[in-house]
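Q: Structure incoming, see below.
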Amino acid sequence: MTLQKTLKEFGKTLAGLPVSVFHYTRPKTVTNRYVVWQEDGGNNSFHADNSQEEHTVAGTLDYFTKVEFDSAVDDIQQTLIAAAGCSWELTNVQFEEETGLIHYTWEWEIGYG
């Protein structure tokens, strides 16, 4: 599978979440309960015999909510578990006083090729 196909499949998987999902940025009209995901680059690709043998793409997924103990957090983690070839880690949870939103961040990585 190519990088672009891998990202499109990952986006389709995330689109099944019970909240709004956006790639890179959200519309200004959406202010609560949304996911923004983006790829950041390839972190742990494997090289051998002067070529790249295994490919990876890594990124972040951010979820914003005003709901304490929001069940969508579990839905997001289950979706990441179900995404083929995806490893992930919840790296940050914080309350943003200026927006009143709880902000969760996951780092993810997918192997392809």
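Letters A, B, ... mark the chains of the structure tokens in the order given; residue numbers begin at 1 per chain; ligand numbers begin at 1, in order shown.
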Hey, what's within 8 Å of Leu101 in chain A if we count only C-alpha atoms and toss same-chain stuff fewer than 4 positions away? As a list in words, please?
A: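 Result of the neighbour search: Asn32, Phe64, Thr65, Lys66, Phe95, Glu96 and Glu97 of chain A.
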Q: How would the residues just picked look written out with all heavy atoms as a PDB file, in the first residue's frame?
A:
```pdb
ATOM      1  N   ASN A  32     -17.116  22.137  19.532  1.00  0.00           N
ATOM      2  CA  ASN A  32     -17.155  21.161  20.619  1.00  0.00           C
ATOM      3  C   ASN A  32     -17.257  19.748  20.058  1.00  0.00           C
ATOM      4  O   ASN A  32     -17.935  19.523  19.058  1.00  0.00           O
ATOM      5  CB  ASN A  32     -18.334  21.443  21.546  1.00  0.00           C
ATOM      6  CG  ASN A  32     -18.341  20.536  22.766  1.00  0.00           C
ATOM      7  OD1 ASN A  32     -17.306  20.048  23.206  1.00  0.00           O
ATOM      8  ND2 ASN A  32     -19.505  20.311  23.309  1.00  0.00           N
ATOM      9  N   PHE A  64     -11.198  17.296  21.171  1.00  0.00           N
ATOM     10  CA  PHE A  64     -11.616  18.431  21.985  1.00  0.00           C
ATOM     11  C   PHE A  64     -13.068  18.230  22.412  1.00  0.00           C
ATOM     12  O   PHE A  64     -13.931  17.968  21.575  1.00  0.00           O
ATOM     13  CB  PHE A  64     -11.492  19.730  21.189  1.00  0.00           C
ATOM     14  CG  PHE A  64     -10.096  20.006  20.715  1.00  0.00           C
ATOM     15  CD1 PHE A  64      -9.642  19.491  19.506  1.00  0.00           C
ATOM     16  CD2 PHE A  64      -9.230  20.768  21.476  1.00  0.00           C
ATOM     17  CE1 PHE A  64      -8.356  19.750  19.062  1.00  0.00           C
ATOM     18  CE2 PHE A  64      -7.940  21.028  21.043  1.00  0.00           C
ATOM     19  CZ  PHE A  64      -7.505  20.514  19.833  1.00  0.00           C
ATOM     20  N   THR A  65     -13.332  18.366  23.714  1.00  0.00           N
ATOM     21  CA  THR A  65     -14.675  18.142  24.246  1.00  0.00           C
ATOM     22  C   THR A  65     -14.893  18.986  25.495  1.00  0.00           C
ATOM     23  O   THR A  65     -13.940  19.340  26.190  1.00  0.00           O
ATOM     24  CB  THR A  65     -14.891  16.650  24.583  1.00  0.00           C
ATOM     25  OG1 THR A  65     -16.219  16.455  25.058  1.00  0.00           O
ATOM     26  CG2 THR A  65     -13.905  16.150  25.618  1.00  0.00           C
ATOM     27  N   LYS A  66     -16.153  19.274  25.763  1.00  0.00           N
ATOM     28  CA  LYS A  66     -16.517  19.921  27.024  1.00  0.00           C
ATOM     29  C   LYS A  66     -17.101  18.912  28.006  1.00  0.00           C
ATOM     30  O   LYS A  66     -17.432  19.250  29.134  1.00  0.00           O
ATOM     31  CB  LYS A  66     -17.529  21.045  26.773  1.00  0.00           C
ATOM     32  CG  LYS A  66     -16.934  22.215  26.031  1.00  0.00           C
ATOM     33  CD  LYS A  66     -17.915  23.348  25.881  1.00  0.00           C
ATOM     34  CE  LYS A  66     -17.232  24.502  25.146  1.00  0.00           C
ATOM     35  NZ  LYS A  66     -18.111  25.647  24.995  1.00  0.00           N
ATOM     36  N   PHE A  95      -6.899  20.629  30.319  1.00  0.00           N
ATOM     37  CA  PHE A  95      -8.050  21.519  30.249  1.00  0.00           C
ATOM     38  C   PHE A  95      -7.563  22.869  29.759  1.00  0.00           C
ATOM     39  O   PHE A  95      -6.628  23.445  30.321  1.00  0.00           O
ATOM     40  CB  PHE A  95      -8.720  21.669  31.621  1.00  0.00           C
ATOM     41  CG  PHE A  95      -9.888  22.606  31.592  1.00  0.00           C
ATOM     42  CD1 PHE A  95     -11.085  22.227  31.013  1.00  0.00           C
ATOM     43  CD2 PHE A  95      -9.775  23.878  32.115  1.00  0.00           C
ATOM     44  CE1 PHE A  95     -12.164  23.104  30.973  1.00  0.00           C
ATOM     45  CE2 PHE A  95     -10.850  24.754  32.085  1.00  0.00           C
ATOM     46  CZ  PHE A  95     -12.043  24.368  31.511  1.00  0.00           C
ATOM     47  N   GLU A  96      -8.191  23.356  28.705  1.00  0.00           N
ATOM     48  CA  GLU A  96      -7.806  24.644  28.139  1.00  0.00           C
ATOM     49  C   GLU A  96      -8.752  25.720  28.672  1.00  0.00           C
ATOM     50  O   GLU A  96      -9.917  25.786  28.264  1.00  0.00           O
ATOM     51  CB  GLU A  96      -7.849  24.591  26.620  1.00  0.00           C
ATOM     52  CG  GLU A  96      -6.858  23.588  26.051  1.00  0.00           C
ATOM     53  CD  GLU A  96      -6.874  23.514  24.544  1.00  0.00           C
ATOM     54  OE1 GLU A  96      -7.777  24.096  23.898  1.00  0.00           O
ATOM     55  OE2 GLU A  96      -5.967  22.863  23.997  1.00  0.00           O
ATOM     56  N   GLU A  97      -8.263  26.505  29.581  1.00  0.00           N
ATOM     57  CA  GLU A  97      -9.112  27.511  30.234  1.00  0.00           C
ATOM     58  C   GLU A  97      -9.690  28.516  29.254  1.00  0.00           C
ATOM     59  O   GLU A  97     -10.841  28.936  29.402  1.00  0.00           O
ATOM     60  CB  GLU A  97      -8.320  28.229  31.327  1.00  0.00           C
ATOM     61  CG  GLU A  97      -8.060  27.345  32.529  1.00  0.00           C
ATOM     62  CD  GLU A  97      -7.471  28.103  33.685  1.00  0.00           C
ATOM     63  OE1 GLU A  97      -7.750  29.307  33.832  1.00  0.00           O
ATOM     64  OE2 GLU A  97      -6.734  27.478  34.466  1.00  0.00           O
TER      65      GLU A  97
END
```
Q: What's around Asp75 in chain A at 12 Å? Count only C-alpha atoms, leave out sequence neighbours fewer than 6 positions away in its own chain, and write the answer as a ChimeraX atom specification.
A: /A:13-19,35,63,81-82
Q: Would you kindly return, as a ChimeraX atom specification, each protein, DNA or RNA residue with an atom no farther than 7 Å from any atom of Phe22 in chain A, considering only C-alpha atoms and excluding same-chain residues fewer than 3 positions away?
A: /A:25-26,35-37
Q: How about saving the chosen residues, all heavy atoms kept, as an mmCIF file, in the first residue's frame?
A:
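File out.cif, as written:
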```cif
data_model
loop_
_atom_site.group_PDB
_atom_site.id
_atom_site.type_symbol
_atom_site.label_atom_id
_atom_site.label_comp_id
_atom_site.auth_asym_id
_atom_site.auth_seq_id
_atom_site.Cartn_x
_atom_site.Cartn_y
_atom_site.Cartn_z
ATOM 1 N N THR A 25 -7.341 20.646 10.013
ATOM 2 C CA THR A 25 -7.968 21.796 10.675
ATOM 3 C C THR A 25 -9.481 21.615 10.718
ATOM 4 O O THR A 25 -10.035 20.819 9.961
ATOM 5 C CB THR A 25 -7.594 23.107 9.954
ATOM 6 O OG1 THR A 25 -8.080 24.206 10.707
ATOM 7 C CG2 THR A 25 -8.143 23.157 8.540
ATOM 8 N N ARG A 26 -10.134 22.336 11.577
ATOM 9 C CA ARG A 26 -11.589 22.250 11.692
ATOM 10 C C ARG A 26 -12.214 23.564 11.216
ATOM 11 O O ARG A 26 -11.601 24.617 11.289
ATOM 12 C CB ARG A 26 -12.000 22.008 13.139
ATOM 13 C CG ARG A 26 -11.647 23.187 14.029
ATOM 14 C CD ARG A 26 -12.448 23.221 15.313
ATOM 15 N NE ARG A 26 -11.922 24.224 16.204
ATOM 16 C CZ ARG A 26 -12.250 25.523 16.164
ATOM 17 N NH1 ARG A 26 -13.092 25.964 15.274
ATOM 18 N NH2 ARG A 26 -11.719 26.375 17.016
ATOM 19 N N VAL A 35 -12.553 15.852 16.426
ATOM 20 C CA VAL A 35 -11.226 15.284 16.254
ATOM 21 C C VAL A 35 -10.539 16.008 15.106
ATOM 22 O O VAL A 35 -11.154 16.261 14.068
ATOM 23 C CB VAL A 35 -11.311 13.775 15.918
ATOM 24 C CG1 VAL A 35 -9.984 13.240 15.391
ATOM 25 C CG2 VAL A 35 -11.760 12.976 17.125
ATOM 26 N N VAL A 36 -9.269 16.333 15.299
ATOM 27 C CA VAL A 36 -8.410 16.810 14.217
ATOM 28 C C VAL A 36 -7.195 15.890 14.184
ATOM 29 O O VAL A 36 -6.545 15.698 15.214
ATOM 30 C CB VAL A 36 -7.962 18.274 14.426
ATOM 31 C CG1 VAL A 36 -7.012 18.701 13.306
ATOM 32 C CG2 VAL A 36 -9.154 19.209 14.504
ATOM 33 N N TRP A 37 -6.938 15.306 13.022
ATOM 34 C CA TRP A 37 -5.774 14.428 12.908
ATOM 35 C C TRP A 37 -4.884 14.911 11.773
ATOM 36 O O TRP A 37 -5.343 15.588 10.857
ATOM 37 C CB TRP A 37 -6.196 12.977 12.695
ATOM 38 C CG TRP A 37 -6.833 12.675 11.367
ATOM 39 C CD1 TRP A 37 -8.138 12.884 11.016
ATOM 40 C CD2 TRP A 37 -6.195 12.125 10.222
ATOM 41 N NE1 TRP A 37 -8.340 12.495 9.731
ATOM 42 C CE2 TRP A 37 -7.171 12.023 9.214
ATOM 43 C CE3 TRP A 37 -4.906 11.710 9.943
ATOM 44 C CZ2 TRP A 37 -6.891 11.512 7.947
ATOM 45 C CZ3 TRP A 37 -4.621 11.202 8.681
ATOM 46 C CH2 TRP A 37 -5.610 11.100 7.706
#
```
Q: Could you check which of A:Cys86, A:Val67, A:Leu61, A:Val73 is closest to Glu107 in chain A, using only C-alpha atoms?
A: A:Leu61
Q: Using the chain letters and numbers from this document, which residues of range 20-109 of chain A does DSSP assign to helix (DSSP H, G or I), as a ChimeraX atom specification?
A: /A:72-82
Q: CA of Trp106 in chain A and CA of Thr91 in chain A are how many Å apart?
A: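 A separation of 5.4 Å between them.
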